[in-house]
2 protein chains.
Amino acid sequence: MTKSKALELLLDKIEVSGNLMSAMALFNWDQSVGKVSEKSLPARGATVGWLGGEYFRRFIAPDTLEAIETLEAHDSELDSLERAMVRNLGRSYRKAKAIPPEEFQAFMALRTEAEPVWETAREKRDFAMILPYYEKIFDYQRRLCDWYGYDKHPYDALLDDYEKGANVEMLDAFFATLRKKIAPLVKDITKSGRQPVEITGTFDKDKQRSLMPWLTDFVGYDRSRGRVGEVEHPFCTTINHHDVRITTKYHEDNLLSALFSTIHESGHALYEQNMGAELVRYGLDECASMGTHESQSRLYENVIGRSRAFTAVLLPKLRDLFPFFADWDEDMLYRAVNIARPSLIRIEADELTYSLHIMVRYELEKALMTGEIKAADLPGLWDEKYDELLGVRADDIAKGVLQDVHWSGGLVGYFPSYAVGTAYGVQMVAAMKKSVDIDAAIHKGDLSTVGAWLSENIHRHGELYLPEELLLKATGEKFNPDYYADYLSEKFGELYG
Amino acid sequence: MTKSKALELLLDKIEVSGNLMSAMALFNWDQSVGKVSEKSLPARGATVGWLGGEYFRRFIAPDTLEAIETLEAHDSELDSLERAMVRNLGRSYRKAKAIPPEEFQAFMALRTEAEPVWETAREKRDFAMILPYYEKIFDYQRRLCDWYGYDKHPYDALLDDYEKGANVEMLDAFFATLRKKIAPLVKDITKSGRQPVEITGTFDKDKQRSLMPWLTDFVGYDRSRGRVGEVEHPFCTTINHHDVRITTKYHEDNLLSALFSTIHESGHALYEQNMGAELVRYGLDECASMGTHESQSRLYENVIGRSRAFTAVLLPKLRDLFPFFADWDEDMLYRAVNIARPSLIRIEADELTYSLHIMVRYELEKALMTGEIKAADLPGLWDEKYDELLGVRADDIAKGVLQDVHWSGGLVGYFPSYAVGTAYGVQMVAAMKKSVDIDAAIHKGDLSTVGAWLSENIHRHGELYLPEELLLKATGEKFNPDYYADYLSEKFGELYG
């Protein structure tokens with residue numbers, strides 16, 4: 001195969017893959033924003049399964065490998081986009097060809113069927129309903145570890161899918177740092193028993209909705225190149241480069257939930273929207289890693305959204321809508337959005353204890369993949385770990401082991417990226433501060449300097465670099481979890497005296 | 001190729017075609033129920049174009065023809081489902097193979113791009129905006145006539161796509177009957193100048209919305225196997241056999257519009273939902289023809305929805321919601337929903353004059369396909385024909401030539417099916433009345449006997465029979481437009497004295 005023929009073949013495949021992924025993303029969006037009949041799930045599962053299978057079959061065809069190897073042999077003649085494309089495709093190909101196509105197709109159909117079952121199981125507080133799906137999903141993931149292969153720990157094989165280069169050794173060390181620096185702080189705060197005034201009462205959903213255009217614009221999400229939907233479990237999805245969608249769930253009794261999850265999803269969307277358009281053709285319009293993606297969402301949600309500066313901007317907006325805030329001042333709001341307290345729901349967890357929620361899932365997934373524990377053990381172990389790490393126990397399984405969509409969506413190995421990504425984000429902010437006055441930008445109500453720094457240093461590069469390369473390039477340093485631990489210690493030390 | 005191999009191959013292709021069609025239907029739904037950014041249209045068009053191209057490429061592959069010919073040679077050994085499948089595939093194959101694949105793919109992308117442009121053009125009253133799209137679409141359709149081939153008139157080639165066996169000769173005769181029997185009635189009514197009390201004022205959209213669950217249930221649409229959306233131009237679409245969706249548009253100043261278009265789309269949905277599940281595997285879960293589809297929607301909309309019996313059921317519902325109806329009686333409502341008067345908008349046209357709207361489009365399309373007229377001539381000719389046939393002229397192009405989605409959606413040759421289908425529906429009702437007391441069913445608020453007759457005689461057969469076979473089987477007679485003309489004469493003769 002000639003070099004030019006190899007290039008043409010891979011670019012064609014990338015274009016078709018893009019079409020198939022777009023269709024799959026749309027089915028997922030459609031299923032999340034609207035009710036889909038139980039009866040239609042098999043046909044829908046078959047269609048999504050076929051799309052996924054087709055994606056897979058076209059990608060792992062022998063000519064793909066031939067083209068990759070041809071271009072690898074011409075490495076020095078490639079430009080930087082071509083080289084990154086070949087590196088990524090080679091990496092993905094060698095992982096993907098390890099999976100039997102019929103297994104992959106069945107798995108895609110399985111997860112499409114499982115997600116709505118999870119929703120019903122959660123509504124009905126019925127773990128037994130989702131258990132057979134979890135068993136099949138974890139079983140597939142365990143076999144996936146073997147298909148991929150690994151040096152030290154089976155879970156390493158899955159972690160690498162979401163966080164290239166991550167492994168149990170690195171994550172054990174990462175969580176150990178947090179355990180050492182953060183856990184005592186949490187304990188001290190819990191013991192002190194002192195907590196600020198909370199935001200309580202009911203908050204009309206339509207009034208909450210009315211805030212969202214301002215909020216998403218503030219973050220910099222381009223609503224004209226996407227859509228906003230309402231779902232059970234918020235997410236961000238890319239239909240194509242100019243159609244990046246976010247979702248929200250409103251709770252009458254929890255004003256902060258929709259506010260901060262909207263900032264979070266807008267942060268994700270910003271990354272997708274600001275990728276270089278020239279990357280699309282090479283299939284490089286993807287995140288460097290899931291952790292990098294989470295770094296953007298959580299940076300906006302926490303470092304910006306829960307800053308003293310942002311509460312000063314937010315308070316007048318809230319006062320206009322809700323009489324509840326008539327007597328509030330900025331300091332009260334700042335404290336109220338930063339209440340640190342061990343709790344049950346990950347997506348509503350505070351900034352300080354969030355990583356402990358991830359630690360529960362990390363340890364459970366790690367043990368599921370070695371076979372030490374089984375899916376049926378999850379409800380019991382979940383409660384035990386929450387008790388041990390956070391000192392709380394769910395009396396409602398919907399707020400316990402059934403709270404996350406991930407497992408029914410077939411994602412195992414994803415959770416750690418949330419914590420690692422949060423730490424990336426804090427390290428990025430530290431570097432950004434050398435040239436950007438973030439607080440001034442927030443006060444001005446114009447985050448364009450923040451968005452420009454992230455766009456220039458992170459977003460526009462898509463999947464051009466490995467996460468570690470990107471972080472080094474952007475911050476001048478390797479990944480250093482101390483930034484994150486020190487930031488939390490300082491912020492919550494100050495807040496709680 | 002052996003018989004069993006040929007069967008397996010075709011069944012596989014049908015399954016994949018179903019997946020591709022499901023994805024295309026979903027993109028269409030998604031684009032209609034939500035705003036899609038202009039910038040995302042090229043990528044979206046490319047994806048839908050690829051899906052359509054893939055559908056086409058897989059279908060017209062040489063092995064399809066080989067399998068069809070193999071099974072045609074074994075005709076006597078096939079069961080009735082297999083035989084109908086082979087007949088339909090053979091028919092479609094021989095038409096489809098006439099179209100160059102790259103032309104088809106470009107056309108699919110073109111119509112995906114054109115539809116939102118039409119929406120904007122309509123909003124802005126700017127025919128020039130959509131004109132280049134219309135030119136390309138009509139040019140493709142003209143070439144399509146040649147690719148398909150035809151005996152007498154190029155337009156015949158297109159008509160046959162929507163109404164198997166239909167042609168200009170038959171339609172000229174059909175419209176001549178209407179011109180002879182209906183046109184004088186319209187003229188008499190217009191001349192008389194007498195009109196019943198109209199429904200005027202504004203009607204809250206949320207109150208209108210609140211009626212829809214009752215209304216769709218009344219028709220028999222199974223909402224648990226579908227979804228209801230709001231769009232600019234209502235339609236019904238099938239994502240899969242158990243996911244049939246309908247759409248509505250609410251107008252504050254036109255209460256009847258959403259009511260009757262919802263009955264109309266529910267009638268379409270009923271056909272889709274009641275097709276035999278065993279047909280799916282053979283790709284026979286399609287309508288016999290577009291006219292047959294329209295026969296169902298317009299039968300429910302007009303023969304049932306605008307009957308004296310239904311107004312008796314509807315009036316108390318309207319009285320509960322809108323004080324406007326406090327002093328109305330059933331006869332007033334019956335007359336108000338049957339006001340016959342030449343007007344501008346096809347989808348809001350009354351039952352009596354509806355076919356004249358179709359005649360305008362029929363004559364324009366016929367002339368476009370011979371090349372007698374060009375896309376740029378449409379605004380002028382549209383107004384002239386409306387003046388000639390209906391005695392009205394649009395002073396707003398959005399209510400004139402820009403009112404229909406069809407041409408921007410790439411549909412040429414579809415319009416006549418509305419009129420022919422309406423006539424089929426009236427003929428079906430005449431046959432149904434021999435065993436079903438329709439008025440009693442309406443008064444009881446339970447149309448299950450009507451639904452059962454249609455399901456048994458029409459719906460469940462899907463595409464098993466040609467439209468003429470189906471009509472003969474269901475009514476015991478060949479297509480006879482006199483049923484329709486006589487029904488209109490009698491109903492409107494009585495209404496207007």
# chains A, B, ... in the order shown; residues from 1 in each chain; ligands from 1
$ residues_around --residues "Leu51 of chain B" --least-positions-apart "3" --cutoff "6 Å" --atoms "only C-alpha atoms" --output "ChimeraX atom specification"
/B:20,48,54
$ residues_around --residues "segment 251-253 of chain B" --least-positions-apart "6" --cutoff "9 Å" --atoms "only C-alpha atoms" --output "VMD selection string"
chain B and resid 200 to 205 208
$ residues_around --residues "Cys145 of chain A" --least-positions-apart "5" --cutoff "7 Å" --atoms "only C-alpha atoms" --output "count of residues only"
4
$ residues_around --residues "Gly445 of chain B" --least-positions-apart "5" --cutoff "12 Å" --atoms "only C-alpha atoms" --output "MDAnalysis selection string"
chainID B and resid 214:220 304 309:314 438:440 450
$ residues_around --residues "Trp453 of chain A" --least-positions-apart "5" --cutoff "12 Å" --atoms "only C-alpha atoms" --output "number ranges by chain"
A: 271, 274, 296, 428-429, 431-438, 447-448, 458-460, 474-475
$ decode --residues "segment 158-169 of chain B" --atoms "all heavy atoms" --output "tab-separated table (two decimals), in the first residue's frame"
chain	number	residue	atom	x	y	z
B	158	LEU	N	-42.65	9.32	-11.36
B	158	LEU	CA	-42.60	9.74	-9.96
B	158	LEU	C	-43.85	9.32	-9.20
B	158	LEU	O	-43.78	8.89	-8.04
B	158	LEU	CB	-42.42	11.26	-9.84
B	158	LEU	CG	-41.19	11.85	-10.53
B	158	LEU	CD1	-41.14	13.35	-10.24
B	158	LEU	CD2	-39.91	11.17	-10.06
B	159	LEU	N	-44.99	9.46	-9.84
B	159	LEU	CA	-46.26	9.11	-9.19
B	159	LEU	C	-46.23	7.68	-8.68
B	159	LEU	O	-46.67	7.38	-7.57
B	159	LEU	CB	-47.43	9.29	-10.18
B	159	LEU	CG	-47.74	10.73	-10.57
B	159	LEU	CD1	-48.72	10.75	-11.75
B	159	LEU	CD2	-48.32	11.50	-9.38
B	160	ASP	N	-45.68	6.82	-9.52
B	160	ASP	CA	-45.63	5.40	-9.19
B	160	ASP	C	-44.83	5.12	-7.91
B	160	ASP	O	-45.03	4.11	-7.25
B	160	ASP	CB	-45.01	4.65	-10.38
B	160	ASP	CG	-44.98	3.16	-10.17
B	160	ASP	OD1	-46.05	2.53	-10.30
B	160	ASP	OD2	-43.90	2.63	-9.83
B	161	ASP	N	-43.92	6.04	-7.54
B	161	ASP	CA	-43.14	5.88	-6.32
B	161	ASP	C	-44.01	5.95	-5.07
B	161	ASP	O	-43.71	5.33	-4.05
B	161	ASP	CB	-42.09	7.01	-6.21
B	161	ASP	CG	-40.70	6.52	-6.55
B	161	ASP	OD1	-40.58	5.35	-6.97
B	161	ASP	OD2	-39.75	7.30	-6.40
B	162	TYR	N	-45.05	6.76	-5.14
B	162	TYR	CA	-45.89	6.98	-3.95
B	162	TYR	C	-47.19	6.22	-4.05
B	162	TYR	O	-47.77	5.83	-3.06
B	162	TYR	CB	-46.15	8.49	-3.78
B	162	TYR	CG	-44.85	9.27	-3.75
B	162	TYR	CD1	-44.40	9.96	-4.87
B	162	TYR	CD2	-44.04	9.24	-2.62
B	162	TYR	CE1	-43.20	10.64	-4.85
B	162	TYR	CE2	-42.84	9.91	-2.59
B	162	TYR	CZ	-42.42	10.61	-3.72
B	162	TYR	OH	-41.21	11.27	-3.69
B	163	GLU	N	-47.66	6.07	-5.28
B	163	GLU	CA	-48.95	5.43	-5.52
B	163	GLU	C	-48.74	4.42	-6.64
B	163	GLU	O	-48.88	4.75	-7.82
B	163	GLU	CB	-49.96	6.52	-5.94
B	163	GLU	CG	-51.39	6.24	-5.58
B	163	GLU	CD	-51.58	5.97	-4.10
B	163	GLU	OE1	-50.96	6.68	-3.29
B	163	GLU	OE2	-52.30	5.04	-3.76
B	164	LYS	N	-48.38	3.20	-6.23
B	164	LYS	CA	-48.05	2.20	-7.25
B	164	LYS	C	-49.19	2.06	-8.26
B	164	LYS	O	-50.33	1.85	-7.87
B	164	LYS	CB	-47.80	0.84	-6.60
B	164	LYS	CG	-46.55	0.80	-5.74
B	164	LYS	CD	-46.50	-0.51	-4.94
B	164	LYS	CE	-45.65	-0.34	-3.69
B	164	LYS	NZ	-45.89	-1.40	-2.72
B	165	GLY	N	-48.83	2.18	-9.50
B	165	GLY	CA	-49.83	2.02	-10.56
B	165	GLY	C	-50.51	3.31	-10.99
B	165	GLY	O	-51.20	3.34	-12.00
B	166	ALA	N	-50.33	4.39	-10.21
B	166	ALA	CA	-50.97	5.65	-10.58
B	166	ALA	C	-50.23	6.29	-11.75
B	166	ALA	O	-49.04	6.07	-11.94
B	166	ALA	CB	-50.98	6.61	-9.38
B	167	ASN	N	-50.96	7.10	-12.55
B	167	ASN	CA	-50.33	7.82	-13.64
B	167	ASN	C	-51.15	9.05	-14.00
B	167	ASN	O	-52.25	9.25	-13.46
B	167	ASN	CB	-50.15	6.90	-14.86
B	167	ASN	CG	-51.45	6.24	-15.25
B	167	ASN	OD1	-52.48	6.91	-15.33
B	167	ASN	ND2	-51.41	4.94	-15.49
B	168	VAL	N	-50.60	9.86	-14.89
B	168	VAL	CA	-51.24	11.13	-15.25
B	168	VAL	C	-52.63	10.89	-15.85
B	168	VAL	O	-53.59	11.62	-15.56
B	168	VAL	CB	-50.33	11.93	-16.22
B	168	VAL	CG1	-51.12	13.05	-16.91
B	168	VAL	CG2	-49.13	12.49	-15.46
B	169	GLU	N	-52.75	9.84	-16.63
B	169	GLU	CA	-54.04	9.53	-17.26
B	169	GLU	C	-55.12	9.31	-16.20
B	169	GLU	O	-56.20	9.91	-16.25
B	169	GLU	CB	-53.87	8.27	-18.12
B	169	GLU	CG	-54.99	8.07	-19.11
B	169	GLU	CD	-54.73	6.83	-19.98
B	169	GLU	OE1	-53.59	6.32	-19.98
B	169	GLU	OE2	-55.69	6.36	-20.61
